[in-house]
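Pasted below: model-v5.pdb, PDB, C-alpha atoms, pLDDT in the B column.
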ATOM      1  CA  MET A  21     117.549 119.302 -95.694  1.00 95.00           C
ATOM      2  CA  VAL A  22     114.284 117.310 -95.917  1.00 98.00           C
ATOM      3  CA  ARG A  23     114.952 113.565 -96.029  1.00 98.00           C
ATOM      4  CA  VAL A  24     112.404 111.603 -98.077  1.00 98.00           C
ATOM      5  CA  ILE A  25     111.451 107.946 -98.312  1.00 98.00           C
ATOM      6  CA  MET A  26     110.261 107.432-101.897  1.00 98.00           C
ATOM      7  CA  HIS A  27     107.531 104.781-101.710  1.00 98.00           C
ATOM      8  CA  GLY A  28     107.257 103.290-105.206  1.00 96.00           C
ATOM      9  CA  CYS A  29     110.716 104.542-106.169  1.00 96.00           C
ATOM     10  CA  ASN A  30     111.135 102.397-109.298  1.00 95.00           C
ATOM     11  CA  GLY A  31     107.810 103.232-110.916  1.00 92.00           C
ATOM     12  CA  LYS A  32     107.576 105.908-113.592  1.00 89.00           C
ATOM     13  CA  MET A  33     106.447 108.594-111.157  1.00 92.00           C
ATOM     14  CA  GLY A  34     108.918 107.412-108.538  1.00 95.00           C
ATOM     15  CA  GLN A  35     111.842 107.725-110.939  1.00 94.00           C
ATOM     16  CA  THR A  36     110.598 111.127-112.117  1.00 94.00           C
ATOM     17  CA  ILE A  37     110.549 112.381-108.533  1.00 96.00           C
ATOM     18  CA  VAL A  38     113.957 110.875-107.766  1.00 96.00           C
ATOM     19  CA  GLY A  39     115.371 112.813-110.719  1.00 95.00           C
ATOM     20  CA  LEU A  40     113.738 116.063-109.640  1.00 96.00           C
ATOM     21  CA  ILE A  41     114.961 115.668-106.061  1.00 97.00           C
ATOM     22  CA  ALA A  42     118.519 115.151-107.315  1.00 96.00           C
ATOM     23  CA  ALA A  43     118.405 118.702-108.698  1.00 96.00           C
ATOM     24  CA  ASP A  44     116.851 120.221-105.546  1.00 96.00           C
ATOM     25  CA  GLU A  45     119.222 121.436-102.811  1.00 95.00           C
ATOM     26  CA  GLU A  46     116.496 121.445-100.150  1.00 97.00           C
ATOM     27  CA  VAL A  47     115.527 117.768-100.256  1.00 98.00           C
ATOM     28  CA  GLU A  48     117.165 114.359-100.667  1.00 98.00           C
ATOM     29  CA  VAL A  49     116.044 110.738-101.040  1.00 98.00           C
ATOM     30  CA  ALA A  50     117.089 108.879 -97.898  1.00 98.00           C
ATOM     31  CA  ALA A  51     115.644 105.530 -99.000  1.00 98.00           C
ATOM     32  CA  GLY A  52     113.344 103.951-101.518  1.00 97.00           C
ATOM     33  CA  VAL A  53     110.702 101.242-101.302  1.00 97.00           C
ATOM     34  CA  ASP A  54     109.693  99.104-104.258  1.00 96.00           C
ATOM     35  CA  ALA A  55     108.841  95.434-104.735  1.00 91.00           C
ATOM     36  CA  PHE A  56     110.760  95.549-108.020  1.00 86.00           C
ATOM     37  CA  ASP A  57     114.324  96.748-107.479  1.00 74.00           C
ATOM     38  CA  ALA A  58     115.826  97.420-110.879  1.00 71.00           C
ATOM     39  CA  GLY A  59     119.059  98.708-109.336  1.00 73.00           C
ATOM     40  CA  GLY A  60     120.868 101.891-110.294  1.00 81.00           C
ATOM     41  CA  ASN A  61     119.640 104.001-107.371  1.00 89.00           C
ATOM     42  CA  ASP A  62     122.202 105.722-105.130  1.00 92.00           C
ATOM     43  CA  PHE A  63     120.118 105.103-101.999  1.00 95.00           C
ATOM     44  CA  PRO A  64     119.038 101.898-100.231  1.00 95.00           C
ATOM     45  CA  VAL A  65     115.875 100.260-101.601  1.00 95.00           C
ATOM     46  CA  PHE A  66     113.653  97.987 -99.504  1.00 96.00           C
ATOM     47  CA  LYS A  67     111.120  95.475-100.814  1.00 94.00           C
ATOM     48  CA  ASN A  68     108.381  96.824 -98.550  1.00 93.00           C
ATOM     49  CA  ILE A  69     108.034  99.705 -96.132  1.00 97.00           C
ATOM     50  CA  ALA A  70     108.034  97.450 -93.050  1.00 96.00           C
ATOM     51  CA  GLU A  71     111.672  96.537 -93.802  1.00 96.00           C
ATOM     52  CA  CYS A  72     112.823 100.161 -94.015  1.00 97.00           C
ATOM     53  CA  THR A  73     115.301 101.044 -91.243  1.00 96.00           C
ATOM     54  CA  VAL A  74     116.331 104.469 -92.569  1.00 97.00           C
ATOM     55  CA  GLU A  75     115.261 107.589 -90.673  1.00 97.00           C
ATOM     56  CA  ALA A  76     113.478 110.245 -92.698  1.00 98.00           C
ATOM     57  CA  ASP A  77     111.286 113.332 -92.369  1.00 98.00           C
ATOM     58  CA  VAL A  78     108.487 112.417 -94.780  1.00 98.00           C
ATOM     59  CA  VAL A  79     107.288 109.751 -97.223  1.00 98.00           C
ATOM     60  CA  ILE A  80     106.234 110.493-100.794  1.00 98.00           C
ATOM     61  CA  ASP A  81     103.957 107.707-102.037  1.00 97.00           C
ATOM     62  CA  PHE A  82     103.355 106.900-105.693  1.00 94.00           C
ATOM     63  CA  SER A  83     102.835 103.146-105.490  1.00 94.00           C
ATOM     64  CA  ALA A  84      99.815 100.850-105.803  1.00 92.00           C
ATOM     65  CA  ALA A  85      96.665 100.566-103.728  1.00 93.00           C
ATOM     66  CA  SER A  86      97.763  97.117-102.515  1.00 94.00           C
ATOM     67  CA  ALA A  87     100.820  98.684-100.831  1.00 96.00           C
ATOM     68  CA  VAL A  88      99.017 101.505 -99.057  1.00 97.00           C
ATOM     69  CA  ASP A  89      97.812  99.547 -95.992  1.00 97.00           C
ATOM     70  CA  GLY A  90     101.356  98.663 -94.988  1.00 97.00           C
ATOM     71  CA  LEU A  91     102.478 102.233 -95.615  1.00 98.00           C
ATOM     72  CA  LEU A  92      99.753 103.641 -93.368  1.00 98.00           C
ATOM     73  CA  ASP A  93     100.646 101.191 -90.588  1.00 98.00           C
ATOM     74  CA  TYR A  94     104.301 102.238 -90.829  1.00 98.00           C
ATOM     75  CA  CYS A  95     103.516 105.971 -90.743  1.00 98.00           C
ATOM     76  CA  ALA A  96     101.102 105.561 -87.838  1.00 98.00           C
ATOM     77  CA  ALA A  97     103.663 103.613 -85.802  1.00 98.00           C
ATOM     78  CA  LYS A  98     106.429 106.172 -86.392  1.00 97.00           C
ATOM     79  CA  GLY A  99     104.326 109.343 -86.569  1.00 98.00           C
ATOM     80  CA  LEU A 100     105.921 109.878 -89.987  1.00 98.00           C
ATOM     81  CA  PRO A 101     104.295 112.420 -92.342  1.00 98.00           C
ATOM     82  CA  CYS A 102     103.173 111.050 -95.694  1.00 98.00           C
ATOM     83  CA  VAL A 103     102.325 112.655 -99.039  1.00 98.00           C
ATOM     84  CA  LEU A 104      99.828 110.072-100.287  1.00 97.00           C
ATOM     85  CA  CYS A 105      99.391 110.196-104.065  1.00 92.00           C
ATOM     86  CA  THR A 106      98.262 106.655-104.923  1.00 91.00           C
ATOM     87  CA  THR A 107      94.736 106.562-106.352  1.00 83.00           C
ATOM     88  CA  GLY A 108      92.120 103.819-106.610  1.00 83.00           C
ATOM     89  CA  LEU A 109      91.850 103.301-102.840  1.00 91.00           C
ATOM     90  CA  SER A 110      88.861 101.373-101.479  1.00 94.00           C
ATOM     91  CA  GLU A 111      86.360 102.866 -99.043  1.00 96.00           C
ATOM     92  CA  ARG A 112      87.989 100.802 -96.296  1.00 97.00           C
ATOM     93  CA  GLN A 113      91.399 102.212 -97.175  1.00 97.00           C
ATOM     94  CA  LEU A 114      90.078 105.761 -97.278  1.00 96.00           C
ATOM     95  CA  ALA A 115      88.708 105.244 -93.769  1.00 98.00           C
ATOM     96  CA  LYS A 116      92.133 103.971 -92.720  1.00 98.00           C
ATOM     97  CA  VAL A 117      93.738 107.114 -94.144  1.00 98.00           C
ATOM     98  CA  GLN A 118      91.513 109.194 -91.882  1.00 98.00           C
ATOM     99  CA  GLU A 119      92.332 106.983 -88.912  1.00 98.00           C
ATOM    100  CA  THR A 120      96.071 107.257 -89.595  1.00 98.00           C
ATOM    101  CA  SER A 121      95.842 111.053 -89.743  1.00 98.00           C
ATOM    102  CA  HIS A 122      95.208 111.029 -85.976  1.00 98.00           C
ATOM    103  CA  LYS A 123      98.751 109.695 -85.521  1.00 98.00           C
ATOM    104  CA  ALA A 124     100.668 111.240 -88.419  1.00 98.00           C
ATOM    105  CA  ALA A 125     100.396 114.128 -90.860  1.00 98.00           C
ATOM    106  CA  ILE A 126      98.796 112.888 -94.096  1.00 98.00           C
ATOM    107  CA  LEU A 127      98.541 114.982 -97.240  1.00 97.00           C
ATOM    108  CA  LYS A 128      96.257 113.241 -99.694  1.00 93.00           C
ATOM    109  CA  SER A 129      95.668 114.542-103.179  1.00 80.00           C
ATOM    110  CA  ALA A 130      94.367 112.879-106.306  1.00 71.00           C
ATOM    111  CA  ASN A 131      96.483 115.247-108.387  1.00 80.00           C
ATOM    112  CA  MET A 132      99.588 117.115-107.306  1.00 88.00           C
ATOM    113  CA  SER A 133      99.729 119.700-110.098  1.00 89.00           C
ATOM    114  CA  LEU A 134      99.311 123.378-109.314  1.00 83.00           C
ATOM    115  CA  GLY A 135      96.958 123.830-112.282  1.00 89.00           C
ATOM    116  CA  ILE A 136      94.512 121.148-111.168  1.00 92.00           C
ATOM    117  CA  ASN A 137      94.406 122.497-107.631  1.00 88.00           C
ATOM    118  CA  MET A 138      93.719 125.993-108.925  1.00 88.00           C
ATOM    119  CA  LEU A 139      90.971 124.495-111.113  1.00 94.00           C
ATOM    120  CA  LEU A 140      89.340 122.915-108.056  1.00 92.00           C
ATOM    121  CA  LYS A 141      88.865 126.410-106.650  1.00 88.00           C
ATOM    122  CA  LEU A 142      87.642 127.925-109.921  1.00 94.00           C
ATOM    123  CA  LEU A 143      85.053 125.178-110.392  1.00 96.00           C
ATOM    124  CA  LYS A 144      83.316 126.076-107.161  1.00 95.00           C
ATOM    125  CA  GLU A 145      82.718 129.623-108.350  1.00 96.00           C
ATOM    126  CA  ALA A 146      81.619 128.492-111.818  1.00 98.00           C
ATOM    127  CA  THR A 147      79.275 125.876-110.358  1.00 98.00           C
ATOM    128  CA  GLY A 148      77.626 128.415-108.071  1.00 97.00           C
ATOM    129  CA  ILE A 149      76.760 130.535-111.104  1.00 98.00           C
ATOM    130  CA  LEU A 150      76.045 127.978-113.826  1.00 98.00           C
ATOM    131  CA  ALA A 151      74.281 125.081-112.080  1.00 98.00           C
ATOM    132  CA  PRO A 152      71.366 127.238-110.805  1.00 97.00           C
ATOM    133  CA  ALA A 153      71.066 128.588-114.376  1.00 97.00           C
ATOM    134  CA  GLY A 154      70.343 125.052-115.613  1.00 97.00           C
ATOM    135  CA  PHE A 155      73.717 124.067-117.054  1.00 98.00           C
ATOM    136  CA  ASP A 156      74.390 120.326-117.239  1.00 98.00           C
ATOM    137  CA  ILE A 157      77.768 119.168-115.916  1.00 98.00           C
ATOM    138  CA  GLU A 158      79.936 116.494-117.525  1.00 98.00           C
ATOM    139  CA  ILE A 159      83.536 115.447-116.849  1.00 98.00           C
ATOM    140  CA  VAL A 160      85.679 113.631-119.434  1.00 98.00           C
ATOM    141  CA  GLU A 161      89.102 112.322-118.442  1.00 98.00           C
ATOM    142  CA  LYS A 162      91.743 110.715-120.657  1.00 98.00           C
ATOM    143  CA  HIS A 163      94.800 108.717-119.602  1.00 96.00           C
ATOM    144  CA  HIS A 164      97.364 106.292-121.018  1.00 96.00           C
ATOM    145  CA  ASN A 165      96.489 102.681-121.706  1.00 97.00           C
ATOM    146  CA  GLN A 166      98.418 101.388-118.684  1.00 93.00           C
ATOM    147  CA  LYS A 167      96.262 103.145-116.077  1.00 92.00           C
ATOM    148  CA  VAL A 168      94.232 100.538-114.191  1.00 89.00           C
ATOM    149  CA  ASP A 169      91.670 102.611-112.255  1.00 88.00           C
ATOM    150  CA  ALA A 170      88.772 104.500-113.811  1.00 93.00           C
ATOM    151  CA  PRO A 171      87.562 107.126-113.468  1.00 94.00           C
ATOM    152  CA  SER A 172      90.765 108.849-112.423  1.00 92.00           C
ATOM    153  CA  GLY A 173      91.202 110.150-108.905  1.00 86.00           C
ATOM    154  CA  THR A 174      91.524 113.622-110.375  1.00 90.00           C
ATOM    155  CA  ALA A 175      88.186 113.364-112.188  1.00 95.00           C
ATOM    156  CA  LEU A 176      86.549 112.320-108.921  1.00 94.00           C
ATOM    157  CA  ALA A 177      88.242 115.200-107.085  1.00 91.00           C
ATOM    158  CA  LEU A 178      86.878 117.643-109.671  1.00 96.00           C
ATOM    159  CA  ALA A 179      83.429 116.092-109.341  1.00 97.00           C
ATOM    160  CA  ASP A 180      83.618 116.216-105.544  1.00 96.00           C
ATOM    161  CA  SER A 181      84.515 119.909-105.650  1.00 94.00           C
ATOM    162  CA  ILE A 182      81.449 120.604-107.790  1.00 98.00           C
ATOM    163  CA  LYS A 183      79.159 118.384-105.737  1.00 98.00           C
ATOM    164  CA  GLU A 184      80.258 120.026-102.501  1.00 96.00           C
ATOM    165  CA  GLU A 185      79.332 123.424-103.900  1.00 97.00           C
ATOM    166  CA  LEU A 186      75.893 121.975-104.707  1.00 97.00           C
ATOM    167  CA  ASP A 187      75.358 120.758-101.123  1.00 96.00           C
ATOM    168  CA  ASP A 188      75.782 117.120-102.250  1.00 95.00           C
ATOM    169  CA  SER A 189      72.438 117.272-104.055  1.00 96.00           C
ATOM    170  CA  TYR A 190      73.799 115.900-107.358  1.00 98.00           C
ATOM    171  CA  GLN A 191      74.566 112.268-108.242  1.00 96.00           C
ATOM    172  CA  TYR A 192      77.427 110.790-110.276  1.00 97.00           C
ATOM    173  CA  VAL A 193      76.584 108.816-113.425  1.00 96.00           C
ATOM    174  CA  TYR A 194      79.397 106.703-114.898  1.00 95.00           C
ATOM    175  CA  ASP A 195      77.691 104.691-117.639  1.00 86.00           C
ATOM    176  CA  ARG A 196      74.653 105.618-119.724  1.00 88.00           C
ATOM    177  CA  SER A 197      74.697 102.533-121.947  1.00 88.00           C
ATOM    178  CA  GLN A 198      72.517 100.373-119.679  1.00 84.00           C
ATOM    179  CA  VAL A 199      69.570 102.744-119.294  1.00 85.00           C
ATOM    180  CA  ARG A 200      67.532 104.364-122.051  1.00 89.00           C
ATOM    181  CA  GLU A 201      66.228 107.549-120.464  1.00 91.00           C
ATOM    182  CA  LYS A 202      66.753 111.288-120.555  1.00 93.00           C
ATOM    183  CA  ARG A 203      69.516 112.806-118.517  1.00 94.00           C
ATOM    184  CA  SER A 204      68.352 114.006-115.120  1.00 92.00           C
ATOM    185  CA  ARG A 205      69.078 117.637-114.214  1.00 93.00           C
ATOM    186  CA  LYS A 206      70.965 116.762-111.045  1.00 96.00           C
ATOM    187  CA  GLU A 207      73.623 114.556-112.588  1.00 97.00           C
ATOM    188  CA  ILE A 208      77.362 114.878-112.945  1.00 98.00           C
ATOM    189  CA  GLY A 209      78.381 112.608-115.794  1.00 97.00           C
ATOM    190  CA  ILE A 210      81.891 111.155-115.595  1.00 98.00           C
ATOM    191  CA  SER A 211      83.504 109.431-118.592  1.00 97.00           C
ATOM    192  CA  ALA A 212      86.919 107.765-118.913  1.00 97.00           C
ATOM    193  CA  VAL A 213      89.089 107.279-122.011  1.00 98.00           C
ATOM    194  CA  ARG A 214      92.180 105.041-122.019  1.00 98.00           C
ATOM    195  CA  GLY A 215      94.692 105.031-124.849  1.00 98.00           C
ATOM    196  CA  GLY A 216      98.228 105.605-126.002  1.00 98.00           C
ATOM    197  CA  THR A 217     100.568 107.580-123.772  1.00 96.00           C
ATOM    198  CA  ILE A 218      98.206 110.345-122.628  1.00 96.00           C
ATOM    199  CA  VAL A 219      99.674 111.688-119.375  1.00 92.00           C
ATOM    200  CA  GLY A 220      96.420 113.196-118.136  1.00 93.00           C
ATOM    201  CA  ASP A 221      93.645 115.259-119.756  1.00 96.00           C
ATOM    202  CA  HIS A 222      90.592 116.533-117.878  1.00 97.00           C
ATOM    203  CA  ASP A 223      87.659 118.498-119.279  1.00 98.00           C
ATOM    204  CA  VAL A 224      84.820 119.834-117.139  1.00 98.00           C
ATOM    205  CA  ILE A 225      81.915 120.777-119.401  1.00 98.00           C
ATOM    206  CA  PHE A 226      79.062 123.087-118.403  1.00 98.00           C
ATOM    207  CA  ALA A 227      76.469 122.678-121.169  1.00 98.00           C
ATOM    208  CA  GLY A 228      73.599 125.151-121.191  1.00 98.00           C
ATOM    209  CA  ALA A 229      70.993 126.346-123.659  1.00 97.00           C
ATOM    210  CA  ASP A 230      72.893 127.553-126.740  1.00 98.00           C
ATOM    211  CA  GLU A 231      76.277 127.838-124.977  1.00 98.00           C
ATOM    212  CA  VAL A 232      78.951 125.565-123.576  1.00 98.00           C
ATOM    213  CA  ILE A 233      81.743 126.468-121.182  1.00 98.00           C
ATOM    214  CA  THR A 234      84.655 124.022-120.813  1.00 98.00           C
ATOM    215  CA  PHE A 235      87.437 124.062-118.256  1.00 98.00           C
ATOM    216  CA  SER A 236      90.396 122.025-119.515  1.00 98.00           C
ATOM    217  CA  HIS A 237      93.671 120.871-118.023  1.00 97.00           C
ATOM    218  CA  ARG A 238      96.393 119.071-119.985  1.00 96.00           C
ATOM    219  CA  ALA A 239      99.450 117.496-118.410  1.00 93.00           C
ATOM    220  CA  TYR A 240     102.260 117.019-120.937  1.00 93.00           C
ATOM    221  CA  SER A 241     104.679 115.212-118.628  1.00 91.00           C
ATOM    222  CA  LYS A 242     104.709 113.524-115.241  1.00 85.00           C
ATOM    223  CA  ALA A 243     107.096 116.201-113.992  1.00 92.00           C
ATOM    224  CA  VAL A 244     104.174 118.505-113.127  1.00 92.00           C
ATOM    225  CA  PHE A 245     102.968 115.955-110.585  1.00 90.00           C
ATOM    226  CA  GLY A 246     106.461 115.291-109.265  1.00 93.00           C
ATOM    227  CA  LYS A 247     107.182 118.972-108.648  1.00 92.00           C
ATOM    228  CA  GLY A 248     103.945 119.305-106.709  1.00 92.00           C
ATOM    229  CA  ALA A 249     104.705 116.212-104.631  1.00 95.00           C
ATOM    230  CA  ILE A 250     108.128 117.577-103.678  1.00 96.00           C
ATOM    231  CA  GLN A 251     106.632 120.918-102.662  1.00 93.00           C
ATOM    232  CA  ALA A 252     104.051 119.046-100.604  1.00 95.00           C
ATOM    233  CA  ALA A 253     106.796 117.005 -98.900  1.00 97.00           C
ATOM    234  CA  LYS A 254     108.703 120.149 -97.959  1.00 97.00           C
ATOM    235  CA  PHE A 255     105.503 121.619 -96.531  1.00 96.00           C
ATOM    236  CA  LEU A 256     104.472 118.487 -94.626  1.00 97.00           C
ATOM    237  CA  ALA A 257     107.800 117.658 -92.958  1.00 97.00           C
ATOM    238  CA  GLY A 258     107.528 118.468 -89.261  1.00 97.00           C
ATOM    239  CA  LYS A 259     103.777 119.114 -89.367  1.00 98.00           C
ATOM    240  CA  PRO A 260     101.573 117.722 -86.562  1.00 98.00           C
ATOM    241  CA  ALA A 261      99.176 114.826 -87.142  1.00 98.00           C
ATOM    242  CA  GLY A 262      96.142 115.669 -89.240  1.00 98.00           C
ATOM    243  CA  MET A 263      94.717 115.667 -92.764  1.00 98.00           C
ATOM    244  CA  TYR A 264      96.171 118.128 -95.252  1.00 96.00           C
ATOM    245  CA  ASP A 265      95.698 118.747 -98.964  1.00 90.00           C
ATOM    246  CA  MET A 266      97.305 120.755-101.748  1.00 90.00           C
ATOM    247  CA  SER A 267      95.251 123.834-100.900  1.00 85.00           C
ATOM    248  CA  ASP A 268      97.335 124.029 -97.714  1.00 90.00           C
ATOM    249  CA  VAL A 269     100.522 123.970 -99.804  1.00 89.00           C
ATOM    250  CA  ILE A 270      99.506 126.581-102.354  1.00 79.00           C
ATOM    251  CA  GLY A 271      97.737 128.783 -99.796  1.00 69.00           C
TER     252      GLY A 271
END
As structure tokens - that is how I would like this structure written.
Amino acid sequence: MVRVIMHGCNGKMGQTIVGLIAADEEVEVAAGVDAFDAGGNDFPVFKNIAECTVEADVVIDFSAASAVDGLLDYCAAKGLPCVLCTTGLSERQLAKVQETSHKAAILKSANMSLGINMLLKLLKEATGILAPAGFDIEIVEKHHNQKVDAPSGTALALADSIKEELDDSYQYVYDRSQVREKRSRKEIGISAVRGGTIVGDHDVIFAGADEVITFSHRAYSKAVFGKGAIQAAKFLAGKPAGMYDMSDVIG
């Protein structure tokens, strides 16, 4: 049985994962961490990770960027594996993630769904064919009106996958409203839409002369991310220190 600390247990994703774990015989929630304890959980809940005294095999994190520093300190001190799903981290925090991975196993992913991680692989092949043929590349992401960071971590992960295939020779462009000029060939445009209750939509558009190819992913519930996070936790428990990602989980 894999024992999990759910970091951000009372958030929407946290509660989704708690529900999924309850139906999984291979994993259990040993403790939760959340600044806002609404009650009703059948496991102990701590206000912050530093107060947690419960032993566990792995942490699943769906919290806020402001809580990640304390989480990383805790995992480094205990050598505790962590599935890190919070997005919107600063450059300083990303450097700290790398530093922590020398002391604990860290699996960081901007999106835990199987479909998105398959798409990351497919985009590399498509980019290798279409970019040299002169296709422009644009990414449009859509999320609910409560999401605070933009563009989404998933959109950036998709862009990074494409850029890596292009030997980092392309640049990201987030806003075209301030400059009146033609689009440069070596751009990856990234646009964000916020509205309603959209769980997560991502379109990667390859626009060429007289033809357009679009890769699309639609998430219809948060459960797709929760299922991936639980699979990642099962994989990461007991792993040695180092950086991991969902490609390690799905093989």
For the provided coordinates, the residues matched by the PyMOL selection byres ((chain A and resi 229) around 12) should be stated as an NGL selection string. :A and (150 or 153-156 or 226-228 or 230-233)
Restrict the selected residues to C-alpha atoms and save them as a compact mmCIF listing (two decimals), in the coordinates of the input.
# COMPACT_ATOMS: atom_id res chain seq x y z
CA LEU A 150 76.04 127.98 -113.83
CA ALA A 153 71.07 128.59 -114.38
CA GLY A 154 70.34 125.05 -115.61
CA PHE A 155 73.72 124.07 -117.05
CA ASP A 156 74.39 120.33 -117.24
CA PHE A 226 79.06 123.09 -118.40
CA ALA A 227 76.47 122.68 -121.17
CA GLY A 228 73.60 125.15 -121.19
CA ASP A 230 72.89 127.55 -126.74
CA GLU A 231 76.28 127.84 -124.98
CA VAL A 232 78.95 125.56 -123.58
CA ILE A 233 81.74 126.47 -121.18
Name the closest residue to His222 (chain A) among the candidates A:Ser110, A:Thr234, A:Ser86, A:Thr73; distances are taken between atoms, counting all atoms listed in the file.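 Distance minimum relative to His222 (chain A) lands on A:Thr234.
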Shell around Gly99 (chain A) at 9 Å using only C-alpha atoms, local window under 2 positions removed, as a PDB file with C-alpha atoms, keeping the file's coordinate frame:
ATOM      1  CA  TYR A  94     104.301 102.238 -90.829  1.00 98.00           C
ATOM      2  CA  CYS A  95     103.516 105.971 -90.743  1.00 98.00           C
ATOM      3  CA  ALA A  96     101.102 105.561 -87.838  1.00 98.00           C
ATOM      4  CA  ALA A  97     103.663 103.613 -85.802  1.00 98.00           C
ATOM      5  CA  PRO A 101     104.295 112.420 -92.342  1.00 98.00           C
ATOM      6  CA  LYS A 123      98.751 109.695 -85.521  1.00 98.00           C
ATOM      7  CA  ALA A 124     100.668 111.240 -88.419  1.00 98.00           C
ATOM      8  CA  ALA A 125     100.396 114.128 -90.860  1.00 98.00           C
ATOM      9  CA  PRO A 260     101.573 117.722 -86.562  1.00 98.00           C
ATOM     10  CA  ALA A 261      99.176 114.826 -87.142  1.00 98.00           C
TER      11      ALA A 261
END
Please determine, counting all atoms listed in the file, which residue among A:Gly60, A:Glu201, A:Tyr192, A:Glu48 has the shortest atom-to-atom distance to Asp77 (chain A).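 Of A:Gly60, A:Glu201, A:Tyr192, A:Glu48, the one nearest Asp77 (chain A), counting all atoms listed in the file, is A:Glu48.
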What's the 12 Å shell around Ile41 (chain A), counting only C-alpha atoms, without same-chain residues fewer than 2 positions away, as an mmCIF file with C-alpha atoms, in the coordinates of the input?
data_model
loop_
_atom_site.group_PDB
_atom_site.id
_atom_site.type_symbol
_atom_site.label_atom_id
_atom_site.label_comp_id
_atom_site.auth_asym_id
_atom_site.auth_seq_id
_atom_site.Cartn_x
_atom_site.Cartn_y
_atom_site.Cartn_z
ATOM 1 C CA MET A 21 117.549 119.302 -95.694
ATOM 2 C CA VAL A 22 114.284 117.310 -95.917
ATOM 3 C CA ARG A 23 114.952 113.565 -96.029
ATOM 4 C CA VAL A 24 112.404 111.603 -98.077
ATOM 5 C CA ILE A 25 111.451 107.946 -98.312
ATOM 6 C CA MET A 26 110.261 107.432 -101.897
ATOM 7 C CA CYS A 29 110.716 104.542 -106.169
ATOM 8 C CA GLY A 34 108.918 107.412 -108.538
ATOM 9 C CA GLN A 35 111.842 107.725 -110.939
ATOM 10 C CA THR A 36 110.598 111.127 -112.117
ATOM 11 C CA ILE A 37 110.549 112.381 -108.533
ATOM 12 C CA VAL A 38 113.957 110.875 -107.766
ATOM 13 C CA GLY A 39 115.371 112.813 -110.719
ATOM 14 C CA ALA A 43 118.405 118.702 -108.698
ATOM 15 C CA ASP A 44 116.851 120.221 -105.546
ATOM 16 C CA GLU A 45 119.222 121.436 -102.811
ATOM 17 C CA GLU A 46 116.496 121.445 -100.150
ATOM 18 C CA VAL A 47 115.527 117.768 -100.256
ATOM 19 C CA GLU A 48 117.165 114.359 -100.667
ATOM 20 C CA VAL A 49 116.044 110.738 -101.040
ATOM 21 C CA ALA A 50 117.089 108.879 -97.898
ATOM 22 C CA ILE A 80 106.234 110.493 -100.794
ATOM 23 C CA ALA A 243 107.096 116.201 -113.992
ATOM 24 C CA GLY A 246 106.461 115.291 -109.265
ATOM 25 C CA LYS A 247 107.182 118.972 -108.648
ATOM 26 C CA GLY A 248 103.945 119.305 -106.709
ATOM 27 C CA ALA A 249 104.705 116.212 -104.631
ATOM 28 C CA ILE A 250 108.128 117.577 -103.678
ATOM 29 C CA GLN A 251 106.632 120.918 -102.662
ATOM 30 C CA ALA A 253 106.796 117.005 -98.900
ATOM 31 C CA LYS A 254 108.703 120.149 -97.959
#
List the neighbours of Thr174 (chain A) out to 6 Å using only C-alpha atoms; skip same-chain residues closer than 2 positions along the sequence, and give me the result as a VMD selection string. chain A and resid 130 to 131 172 176 to 177
By how many Å are CA of Leu104 (chain A) and CA of Tyr240 (chain A) apart? 21.9 Å
List the neighbours of region 203-213 of chain A out to 6 Å using all atoms listed in the file; skip same-chain residues closer than 4 positions along the sequence, and give me the result as a JSON list (two decimals) with C-alpha atoms, in the frame of the given file.
[["chain", "number", "residue", "atom", "x", "y", "z"],
["A", 157, "ILE", "CA", 77.77, 119.17, -115.92],
["A", 158, "GLU", "CA", 79.94, 116.49, -117.52],
["A", 159, "ILE", "CA", 83.54, 115.45, -116.85],
["A", 160, "VAL", "CA", 85.68, 113.63, -119.43],
["A", 161, "GLU", "CA", 89.10, 112.32, -118.44],
["A", 162, "LYS", "CA", 91.74, 110.72, -120.66],
["A", 171, "PRO", "CA", 87.56, 107.13, -113.47],
["A", 190, "TYR", "CA", 73.80, 115.90, -107.36],
["A", 191, "GLN", "CA", 74.57, 112.27, -108.24],
["A", 192, "TYR", "CA", 77.43, 110.79, -110.28],
["A", 193, "VAL", "CA", 76.58, 108.82, -113.42],
["A", 194, "TYR", "CA", 79.40, 106.70, -114.90]]
Would you work out the distance separating CA of Leu100 (chain A) from CA of Asp57 (chain A), expressed in Å to one decimal? 23.4 Å
